[in-house]
file protein29.txt (compact mmCIF, C-alpha atoms)
# COMPACT_ATOMS: atom_id res chain seq x y z
CA MET A 149 126.33 115.27 90.47
CA HIS A 150 124.70 112.46 92.39
CA ALA A 151 124.10 112.87 96.08
CA SER A 152 123.55 109.34 97.29
CA SER A 153 126.97 108.85 98.87
CA ASP A 154 126.73 112.21 100.60
CA LEU A 155 123.21 111.74 101.96
CA ALA A 156 123.38 108.18 103.19
CA PRO A 157 126.98 107.08 103.63
CA GLU A 158 127.89 103.81 105.20
CA GLY A 159 128.71 103.94 108.90
CA ALA A 160 127.26 105.96 111.74
CA SER A 161 125.92 108.91 109.74
CA TRP A 162 122.18 109.50 109.79
CA SER A 163 121.85 107.44 112.97
CA PHE A 164 119.96 108.26 116.15
CA ASN A 165 121.35 105.28 118.00
CA ARG A 166 125.13 105.67 117.81
CA LEU A 167 125.30 108.88 119.84
CA GLY A 168 125.22 109.99 123.45
CA PRO A 169 126.60 108.78 126.81
CA PHE A 170 124.40 105.67 126.98
CA TYR A 171 125.69 104.48 123.62
CA ARG A 172 129.28 105.09 124.68
CA LEU A 173 128.73 103.25 127.98
CA GLN A 174 127.39 100.20 126.16
CA ARG A 175 130.35 100.32 123.78
CA ARG A 176 132.82 100.36 126.68
CA LEU A 177 131.01 97.40 128.26
CA GLY A 178 131.36 95.47 124.98
CA LEU A 179 127.62 95.23 124.41
CA LEU A 180 127.96 96.75 120.94
CA SER A 181 130.52 98.19 118.58
CA ASP A 182 130.72 101.03 116.09
CA THR A 183 129.92 98.58 113.30
CA ASN A 184 127.39 96.33 115.06
CA LEU A 185 124.58 97.53 117.31
CA ALA A 186 123.92 93.90 118.41
CA ALA A 187 120.33 94.97 119.07
CA GLY A 188 118.93 91.49 119.59
CA ARG A 189 121.55 90.47 122.13
CA ARG A 190 121.30 93.75 124.04
CA ALA A 191 117.50 93.54 124.07
CA LEU A 192 117.69 90.16 125.81
CA ILE A 193 120.38 91.30 128.26
CA LEU A 194 118.61 94.48 129.36
CA ALA A 195 115.19 92.81 129.57
CA ALA A 196 116.71 90.02 131.68
CA LEU A 197 118.47 92.60 133.89
CA ALA A 198 115.15 94.26 134.52
CA PHE A 199 112.97 91.18 135.04
CA VAL A 200 114.99 88.21 136.32
CA PRO A 201 116.42 89.72 139.56
CA THR A 202 112.99 91.18 140.40
CA PHE A 203 111.40 87.77 139.95
CA ALA A 204 114.10 85.97 141.94
CA LEU A 205 113.94 88.44 144.84
CA ALA A 206 110.12 88.21 144.91
CA ILE A 207 110.38 84.42 145.23
CA LEU A 208 113.02 84.64 147.98
CA GLN A 209 110.75 86.85 150.11
CA GLY A 210 107.59 84.91 149.31
CA HIS A 211 105.92 87.63 147.25
CA ALA A 212 105.61 85.69 143.99
CA THR A 213 102.11 84.54 144.93
CA ASP A 214 99.54 85.75 147.44
CA ALA A 215 95.98 85.07 148.48
CA ASN A 216 95.19 88.53 147.14
CA PRO A 217 96.27 88.44 143.48
CA GLN A 218 96.75 92.22 143.49
CA ARG A 219 99.72 91.72 145.82
CA ALA A 220 101.31 88.82 143.90
CA PHE A 221 104.26 89.39 141.58
CA LEU A 222 103.18 86.67 139.15
CA HIS A 223 99.77 88.31 138.73
CA ASP A 224 101.21 91.74 137.96
CA PHE A 225 100.74 92.04 134.19
CA SER A 226 102.59 95.36 134.15
CA VAL A 227 105.88 93.68 135.08
CA TYR A 228 105.76 91.46 132.00
CA ALA A 229 104.74 94.36 129.78
CA ILE A 230 107.63 96.52 131.02
CA GLY A 231 110.11 93.70 130.35
CA ILE A 232 108.78 93.29 126.80
CA ALA A 233 108.87 97.07 126.25
CA ILE A 234 112.51 97.31 127.36
CA ALA A 235 113.46 94.58 124.88
CA ALA A 236 111.43 96.26 122.12
CA PHE A 237 112.96 99.70 122.74
CA VAL A 238 116.46 98.25 122.31
CA PHE A 239 115.64 95.88 119.45
CA MET A 240 114.12 98.64 117.31
CA GLU A 241 117.40 100.57 117.29
CA GLN A 242 118.73 98.45 114.42
CA THR A 243 115.57 98.62 112.33
CA SER A 244 115.19 102.37 112.87
CA ASP A 245 118.80 102.97 111.81
CA THR A 246 118.33 100.99 108.61
CA ARG A 247 114.99 102.63 107.90
CA MET A 248 116.26 106.14 108.53
CA LYS A 249 119.17 105.73 106.13
CA MET A 250 116.79 104.39 103.49
CA LEU A 251 114.38 107.32 103.89
CA VAL A 252 117.14 109.92 103.65
CA HIS A 253 118.72 108.03 100.74
CA ASN A 254 115.39 108.33 98.91
CA PHE A 255 115.90 112.07 98.53
CA SER A 256 118.80 111.33 96.19
CA LEU A 257 117.39 108.13 94.65
CA ARG A 258 114.35 110.12 93.51
CA ASP A 259 116.62 112.91 92.24
CA LEU A 260 115.03 115.47 94.57
CA VAL A 261 118.28 116.99 95.80
CA THR A 262 120.02 119.66 93.78
CA PRO A 263 123.83 119.83 93.94
CA GLN A 264 123.47 123.21 95.63
CA ALA A 265 121.40 121.59 98.40
CA LEU A 266 124.06 119.08 99.49
CA PRO A 267 125.68 121.45 102.03
CA CYS A 268 122.20 122.13 103.44
CA PHE A 269 121.58 118.40 103.92
CA GLU A 270 124.98 117.99 105.56
CA ARG A 271 124.28 120.83 107.99
CA ALA A 272 120.92 119.22 108.82
CA ARG A 273 122.67 115.94 109.59
CA GLN A 274 125.23 117.63 111.81
CA ARG A 275 122.55 119.49 113.75
CA MET A 276 120.62 116.24 114.20
CA GLU A 277 123.71 114.51 115.61
CA ARG A 278 124.43 117.39 118.02
CA ARG A 279 120.87 117.36 119.34
CA THR A 280 120.64 113.59 119.61
CA GLY A 281 123.99 113.21 121.36
CA LEU A 282 123.42 115.87 124.02
CA ALA A 283 124.92 114.52 127.23
CA TRP A 284 122.91 116.83 129.49
CA MET A 285 119.66 115.61 127.94
CA GLU A 286 120.42 111.96 128.73
CA TRP A 287 121.41 112.85 132.30
CA LEU A 288 118.17 114.81 132.62
CA LEU A 289 116.27 111.76 131.38
CA VAL A 290 118.04 109.58 133.97
CA ALA A 291 117.08 111.95 136.78
CA ALA A 292 113.48 112.18 135.55
CA ALA A 293 113.30 108.38 135.22
CA TYR A 294 114.23 107.84 138.87
CA LEU A 295 111.85 110.54 140.08
CA VAL A 296 108.91 109.21 138.07
CA ALA A 297 109.74 105.58 138.97
CA TYR A 298 109.56 106.32 142.69
CA GLU A 299 106.31 108.30 142.42
CA TRP A 300 104.79 105.68 140.12
CA LEU A 301 105.58 102.79 142.47
CA PHE A 302 104.52 104.78 145.55
CA ASN A 303 101.09 105.50 144.09
CA LEU A 304 100.61 101.93 142.85
CA ILE A 305 101.38 100.52 146.30
CA LEU A 306 99.26 103.16 148.06
CA ARG A 307 96.12 102.13 146.16
CA ILE A 308 96.16 98.54 147.46
CA ASP A 309 95.44 97.71 151.11
CA GLY A 310 98.37 95.90 152.63
CA GLY A 311 100.70 96.90 149.80
CA THR A 312 102.00 94.77 146.94
CA TRP A 313 104.95 92.52 146.17
CA ALA A 314 107.01 95.73 145.83
CA GLY A 315 106.34 97.00 149.35
CA GLN A 316 103.86 98.93 151.44
CA VAL A 317 103.23 102.47 152.63
CA VAL A 318 103.50 102.84 156.41
CA ASP A 319 102.78 106.22 158.02
CA GLY A 320 103.29 107.92 154.68
CA SER A 321 106.67 106.31 154.08
CA LEU A 322 107.41 103.73 151.38
CA ARG A 323 108.91 100.50 152.68
CA LEU A 324 110.20 98.42 149.81
CA THR A 325 110.71 94.69 149.57
CA TRP A 326 113.89 93.33 147.98
CA ALA A 327 112.05 92.98 144.68
CA GLY A 328 110.59 96.47 145.04
CA SER A 329 114.04 97.91 145.69
CA TRP A 330 115.35 96.38 142.46
CA ALA A 331 112.28 97.58 140.59
CA VAL A 332 112.70 101.19 141.73
CA ALA A 333 116.48 101.13 141.31
CA VAL A 334 116.78 99.33 137.96
CA THR A 335 113.64 98.01 136.25
CA MET A 336 111.37 101.04 136.16
CA PRO A 337 114.10 103.69 135.67
CA LEU A 338 115.53 101.64 132.78
CA PHE A 339 112.11 101.45 131.12
CA LEU A 340 111.41 105.15 131.65
CA PHE A 341 114.89 106.20 130.50
CA LEU A 342 114.60 104.21 127.26
CA LEU A 343 111.09 105.60 126.75
CA GLY A 344 112.28 109.17 127.27
CA ARG A 345 115.31 108.56 125.07
CA TRP A 346 113.07 107.55 122.18
CA LEU A 347 110.73 110.48 122.76
CA TRP A 348 113.71 112.82 122.53
CA ARG A 349 114.73 111.12 119.30
CA PHE A 350 111.27 111.82 117.90
CA VAL A 351 111.81 115.48 118.71
CA THR A 352 115.19 115.50 116.95
CA TRP A 353 113.62 113.68 113.99
CA GLY A 354 110.95 116.38 113.73
CA LEU A 355 113.63 119.08 113.84
CA LEU A 356 115.60 117.20 111.17
CA LEU A 357 112.56 117.17 108.89
CA ARG A 358 112.16 120.90 109.47
CA ASP A 359 115.79 121.46 108.46
CA LEU A 360 115.49 119.24 105.38
CA ALA A 361 112.30 121.01 104.32
CA ARG A 362 114.29 124.24 104.17
CA CYS A 363 116.76 122.77 101.66
CA ASP A 364 116.35 123.31 97.92
CA MET A 365 114.63 120.29 96.32
CA ARG A 366 113.35 119.38 92.87
CA LEU A 367 109.68 118.79 93.63
CA VAL A 368 107.06 118.21 90.92
CA ALA A 369 103.59 119.64 91.42
CA SER A 370 101.97 117.07 89.12
CA HIS A 371 103.66 114.06 90.75
CA ALA A 372 101.34 111.05 90.96
CA ASP A 373 101.84 110.72 94.74
CA ARG A 374 100.10 114.12 95.20
CA CYS A 375 102.94 115.17 97.51
CA GLY A 376 105.36 116.60 94.96
CA GLY A 377 107.39 113.37 95.15
CA LEU A 378 107.70 113.37 98.96
CA SER A 379 105.21 110.63 99.83
CA PHE A 380 108.05 108.29 100.84
CA ILE A 381 108.79 110.44 103.90
CA GLY A 382 105.21 109.90 105.06
CA GLN A 383 106.03 106.22 105.57
CA TYR A 384 108.46 106.93 108.40
CA PRO A 385 105.90 106.43 111.25
CA SER A 386 105.67 102.71 110.40
CA THR A 387 109.32 102.44 111.48
CA TYR A 388 108.19 102.87 115.08
CA VAL A 389 105.47 100.23 115.25
CA LEU A 390 107.37 98.43 118.04
CA PHE A 391 107.57 101.62 120.08
CA VAL A 392 103.85 102.31 119.75
CA PHE A 393 102.98 98.68 120.51
CA SER A 394 105.19 98.72 123.62
CA VAL A 395 103.67 101.91 125.03
CA SER A 396 100.16 100.61 124.40
CA LEU A 397 101.11 97.25 125.93
CA VAL A 398 102.33 98.79 129.18
CA LEU A 399 99.25 101.00 129.54
CA SER A 400 96.92 98.15 128.58
CA ALA A 401 98.58 95.85 131.10
CA GLY A 402 97.86 98.38 133.83
CA VAL A 403 94.25 98.59 132.71
CA LEU A 404 93.97 94.79 132.54
CA LYS A 405 95.22 94.52 136.12
CA GLN A 406 92.56 96.97 137.29
CA VAL A 407 89.79 95.29 135.30
CA VAL A 408 90.59 91.65 136.06
CA LEU A 409 92.01 91.86 139.59
CA ALA A 410 90.28 94.93 141.01
CA GLY A 411 86.96 94.66 139.14
CA VAL A 412 87.10 98.18 137.70
CA ASP A 413 84.72 98.86 134.81
CA LEU A 414 86.59 98.86 131.49
CA MET A 415 84.66 101.91 130.27
CA VAL A 416 86.41 104.02 132.91
CA PHE A 417 89.51 103.88 130.73
CA LYS A 418 87.90 104.67 127.37
CA PHE A 419 88.97 108.31 127.34
CA ALA A 420 92.51 107.39 128.35
CA ALA A 421 92.65 104.93 125.43
CA LEU A 422 91.28 107.49 123.00
CA GLY A 423 93.74 110.06 124.30
CA LEU A 424 96.65 107.68 123.70
CA ILE A 425 95.55 107.04 120.12
CA VAL A 426 95.16 110.75 119.38
CA PHE A 427 98.49 111.59 121.02
CA LEU A 428 100.45 108.94 119.13
CA VAL A 429 98.94 109.82 115.75
CA LEU A 430 99.57 113.53 116.28
CA ALA A 431 103.10 112.88 117.54
CA PHE A 432 103.98 111.17 114.27
CA VAL A 433 101.99 113.48 111.99
CA LEU A 434 103.19 116.81 113.41
CA PRO A 435 106.81 116.43 112.16
CA LEU A 436 105.47 116.04 108.63
CA LEU A 437 103.89 119.51 108.87
CA ALA A 438 107.40 120.85 108.23
CA PHE A 439 106.76 120.17 104.54
CA THR A 440 103.37 121.91 104.45
CA PRO A 441 104.68 125.38 103.50
CA VAL A 442 106.84 123.79 100.78
CA LEU A 443 103.93 121.81 99.34
CA MET A 444 101.55 124.77 99.51
CA ARG A 445 104.00 126.98 97.60
CA LEU A 446 104.51 124.20 95.08
CA LYS A 447 100.75 123.83 94.64
CA ARG A 448 100.18 127.54 94.12
CA HIS A 449 103.00 127.70 91.60
CA GLY A 450 101.78 124.54 89.89
CA LEU A 451 98.22 125.78 89.59
CA GLY A 452 99.46 128.98 88.00
CA THR A 453 101.88 127.24 85.64
CA TYR A 454 99.66 124.34 84.62
CA GLY A 455 96.58 126.54 84.57
CA GLY A 456 98.22 128.88 82.06
CA LEU A 457 99.51 125.95 79.99
CA VAL A 458 96.10 124.27 79.92
CA SER A 459 94.44 127.52 78.86
CA ARG A 460 96.88 128.11 76.01
CA HIS A 461 96.72 124.49 74.90
CA ASN A 462 92.92 124.39 74.95
CA GLN A 463 92.65 127.65 73.05
CA ALA A 464 94.97 126.28 70.37
CA PHE A 465 93.08 122.98 70.40
CA GLU A 466 89.70 124.64 69.87
CA ALA A 467 91.09 126.94 67.20
CA LYS A 468 92.49 123.96 65.29
CA TRP A 469 89.56 121.58 65.64
CA PHE A 470 86.58 123.90 65.90
CA GLY A 471 87.76 127.00 64.05
CA ASN A 472 85.59 126.50 60.98
CA GLN A 473 83.41 123.47 61.58
CA VAL A 474 83.06 120.40 63.79
CA PRO A 475 85.40 117.69 62.44
CA PRO A 476 84.09 114.23 61.53
CA ALA A 477 84.32 111.74 64.40
CA ASP A 478 86.68 109.40 62.52
CA GLU A 479 89.27 112.20 62.26
CA THR A 480 89.46 112.56 66.06
CA LEU A 481 90.03 108.85 66.72
CA GLY A 482 93.62 108.33 67.88
CA ALA A 483 94.56 111.95 67.21
CA PRO A 484 97.62 113.05 69.25
CA ASP A 485 95.86 116.31 70.08
CA MET A 486 93.18 114.39 71.94
CA SER A 487 95.79 112.57 74.04
CA SER A 488 97.62 115.77 74.92
CA LEU A 489 94.29 117.33 75.94
CA ALA A 490 93.59 114.44 78.31
CA ASP A 491 97.17 114.35 79.66
CA LEU A 492 97.22 118.05 80.47
CA SER A 493 93.82 117.86 82.14
CA ALA A 494 95.00 114.91 84.25
CA SER A 495 98.17 116.78 85.26
CA TYR A 496 96.22 119.85 86.27
CA ASP A 497 93.84 117.68 88.29
CA LEU A 498 96.80 116.13 90.14
CA VAL A 499 98.06 119.58 91.06
CA LYS A 500 94.61 120.57 92.33
CA ARG A 501 94.48 117.44 94.51
CA MET A 502 97.92 117.91 96.07
CA LEU A 503 98.02 117.07 99.78
CA PRO A 504 99.16 119.73 102.26
CA VAL A 505 100.99 117.09 104.34
CA PRO A 506 102.85 114.03 102.99
CA ILE A 507 100.79 111.56 105.01
CA VAL A 508 100.22 108.11 103.54
CA LYS A 509 98.05 105.26 104.71
CA GLU A 510 101.02 102.89 104.80
CA GLY A 511 102.62 105.04 107.47
CA ILE A 512 99.63 105.53 109.79
CA VAL A 513 97.61 102.29 109.64
CA PRO A 514 100.40 100.09 111.14
CA LEU A 515 100.57 102.53 114.09
CA LEU A 516 96.83 102.28 114.67
CA VAL A 517 97.02 98.49 114.59
CA ALA A 518 99.95 98.53 117.02
CA VAL A 519 98.20 100.79 119.52
CA LEU A 520 94.83 99.04 119.26
CA LEU A 521 96.00 95.43 119.45
CA PRO A 522 96.87 95.40 123.19
CA MET A 523 93.70 97.35 123.93
CA ALA A 524 91.69 94.78 121.98
CA VAL A 525 93.07 92.01 124.19
CA VAL A 526 91.92 93.89 127.29
CA ALA A 527 88.51 94.58 125.75
CA ALA A 528 88.15 90.89 124.83
CA THR A 529 88.11 90.04 128.55
CA GLN A 530 84.88 92.01 128.89
CA ALA A 531 83.18 91.65 125.50
CA PRO A 532 82.77 89.00 122.78
CA VAL A 533 85.79 88.78 120.49
CA LYS A 534 83.67 89.35 117.37
CA GLN A 535 82.28 92.58 118.82
CA VAL A 536 85.81 93.77 119.61
CA LEU A 537 87.06 92.92 116.11
CA ASP A 538 84.12 94.70 114.49
CA ALA A 539 84.88 97.80 116.56
CA LEU A 540 88.53 97.67 115.48
CA LYS A 541 87.54 97.37 111.84
CA GLY A 542 85.34 100.42 112.21
CA MET A 543 88.16 102.44 113.78
CA LEU A 544 90.57 101.44 111.02
CA LEU A 545 87.95 102.11 108.30
CA VAL A 546 88.60 98.66 106.84
call {"tool": "encode", "arguments": {"input": "protein29.txt", "output": "structure tokens"}}
result
Amino acid sequence: MHASSDLAPEGASWSFNRLGPFYRLQRRLGLLSDTNLAAGRRALILAALAFVPTFALAILQGHATDANPQRAFLHDFSVYAIGIAIAAFVFMEQTSDTRMKMLVHNFSLRDLVTPQALPCFERARQRMERRTGLAWMEWLLVAAAYLVAYEWLFNLILRIDGGTWAGQVVDGSLRLTWAGSWAVAVTMPLFLFLLGRWLWRFVTWGLLLRDLARCDMRLVASHADRCGGLSFIGQYPSTYVLFVFSVSLVLSAGVLKQVVLAGVDLMVFKFAALGLIVFLVLAFVLPLLAFTPVLMRLKRHGLGTYGGLVSRHNQAFEAKWFGNQVPPADETLGAPDMSSLADLSASYDLVKRMLPVPIVKEGIVPLLVAVLLPMAVVAATQAPVKQVLDALKGMLLV
């Protein structure tokens, strides 16, 4: 019984992006359909909705430029970064859908799923869809987005004497410009909502991996990938390169504004940058820990099974070849017994070197590049490019 059609059917199954109130709202507005996410078109529309009115209103009130660049809209790098991030968050919906189906489909393509496990996989999918499509979670994200947007803008304006293009703080109260009103009503909440929506999807992905890890699978302790045949799942973090790049871009843009316009020392932000790298790597590695108990049990069983087989084989080998006397060298050349001895030893060595987590370089390195690239641009404003590139190479162990 083959499971491919059950695990990765055509249509909306195994999708994070065709669920929830926001998806249904976009469908009613004709921005997408059940068969076409129209990610590219929606990315442009939502990015334009966030950026263009803010820009136009800043021009109308004369806040596009200013003698103090910290107060000028056109010198605010964060605005551009947020617009790019909004587009990226929407655009990656299509690629993540395709990638997710492929990863789940690999369980059946690699013949890892037993017929008895199909109901378990189906229950995992249903639980994932219920979690992802929770209406109360999206409304909570909307409320949090507006709260954080207001506090974020308030603190940004408060730090600059005379305020910014978005407004100023007078007697403890925030007085917004037209552009600032649009930013706090649309631009920043939209960015924060999409950010939170993806973070919730990462949580549901981690819970999905936990549920799948509990299903019965045909794993092989001596598999060449050293993960029992599960190394493909360790490639999933590379699906979210755009997300990681966007988050790093927004944070780096804020740092660049402080460094270039306010003259703040770049080294002040080094711990924040390191913290972001550690957080993002852990956020994508932690879900893979769901397979650690499975792989550890497989390793223990494999060591016992292969260890016993190697012992019995080697005892028979020595009894045959060294029972009476050492055989002439020409008799051992090309002997099948010699090949089986080497093959069994290699298999046992693979079991010994099994990884406790299915992490692969192909899944993590693209994330590191994505998070470090915007930071490298900021660093290049304060240090020679060659020095920055050498530092990046060292961090990536290239």
call {"tool": "residues_around", "arguments": {"input": "protein29.txt", "residues": "Leu414 in chain A", "least_positions_apart": "2", "cutoff": "10 Å", "atoms": "all atoms listed in the file", "output": "PyMOL selection string"}}
result
chain A and resi 403-404+406-408+411-412+416-418+526-527+529-531
call {"tool": "residues_around", "arguments": {"input": "protein29.txt", "residues": "Met276 in chain A", "least_positions_apart": "6", "cutoff": "9 Å", "atoms": "all atoms listed in the file", "output": "list of chain:residue names"}}
result
A:Trp162, A:Ser163, A:Phe164, A:Thr352, A:Trp353, A:Leu355, A:Leu356
call {"tool": "residues_around", "arguments": {"input": "protein29.txt", "residues": "Leu443 in chain A", "least_positions_apart": "4", "cutoff": "10 Å", "atoms": "all atoms listed in the file", "output": "tab-separated table (two decimals) with C-alpha atoms, in the frame of the given file"}}
result
chain	number	residue	atom	x	y	z
A	361	ALA	CA	112.30	121.01	104.32
A	367	LEU	CA	109.68	118.79	93.63
A	368	VAL	CA	107.06	118.21	90.92
A	369	ALA	CA	103.59	119.64	91.42
A	374	ARG	CA	100.10	114.12	95.20
A	375	CYS	CA	102.94	115.17	97.51
A	376	GLY	CA	105.36	116.60	94.96
A	378	LEU	CA	107.70	113.37	98.96
A	437	LEU	CA	103.89	119.51	108.87
A	438	ALA	CA	107.40	120.85	108.23
A	439	PHE	CA	106.76	120.17	104.54
A	447	LYS	CA	100.75	123.83	94.64
A	448	ARG	CA	100.18	127.54	94.12
A	449	HIS	CA	103.00	127.70	91.60
A	502	MET	CA	97.92	117.91	96.07
A	503	LEU	CA	98.02	117.07	99.78
A	504	PRO	CA	99.16	119.73	102.26
A	505	VAL	CA	100.99	117.09	104.34
A	506	PRO	CA	102.85	114.03	102.99
call {"tool": "closest_residue", "arguments": {"input": "protein29.txt", "among": "A:Ala272, A:Val398, A:Met444, A:Ala372", "to": "Ala236 in chain A", "atoms": "all atoms listed in the file"}}
result
A:Val398
call {"tool": "closest_residue", "arguments": {"input": "protein29.txt", "among": "A:Arg366, A:Arg445, A:Thr280, A:Tyr171", "to": "Val261 in chain A", "atoms": "all atoms listed in the file"}}
result
A:Arg366
call {"tool": "atom_distance", "arguments": {"input": "protein29.txt", "atom1": "CA of Val252 in chain A", "atom2": "CA of Ser181 in chain A"}}
result
23.2 Å
call {"tool": "atom_distance", "arguments": {"input": "protein29.txt", "atom1": "CA of Leu436 in chain A", "atom2": "CA of Gly382 in chain A"}}
result
7.1 Å
call {"tool": "atom_distance", "arguments": {"input": "protein29.txt", "atom1": "CA of Gln264 in chain A", "atom2": "CA of Pro435 in chain A"}}
result
24.4 Å
call {"tool": "closest_residue", "arguments": {"input": "protein29.txt", "among": "A:Ala333, A:Leu451, A:Leu304, A:Ile425", "to": "Gln316 in chain A", "atoms": "all atoms listed in the file"}}
result
A:Leu304
call {"tool": "residues_around", "arguments": {"input": "protein29.txt", "residues": "Pro522 in chain A", "least_positions_apart": "6", "cutoff": "9 Å", "atoms": "only C-alpha atoms", "output": "list in words"}}
result
Phe393, Ser394, Ser396, Leu397, Val398, Leu399, Ser400 and Ala401 of chain A
call {"tool": "write_last_selection", "arguments": {"input": "protein29.txt", "atoms": "C-alpha atoms", "output": "PDB file, keeping the file's coordinate frame"}}
result
ATOM      1  CA  PHE A 393     102.980  98.680 120.510  1.00  0.00           C
ATOM      2  CA  SER A 394     105.190  98.720 123.620  1.00  0.00           C
ATOM      3  CA  SER A 396     100.160 100.610 124.400  1.00  0.00           C
ATOM      4  CA  LEU A 397     101.110  97.250 125.930  1.00  0.00           C
ATOM      5  CA  VAL A 398     102.330  98.790 129.180  1.00  0.00           C
ATOM      6  CA  LEU A 399      99.250 101.000 129.540  1.00  0.00           C
ATOM      7  CA  SER A 400      96.920  98.150 128.580  1.00  0.00           C
ATOM      8  CA  ALA A 401      98.580  95.850 131.100  1.00  0.00           C
TER       9      ALA A 401
END
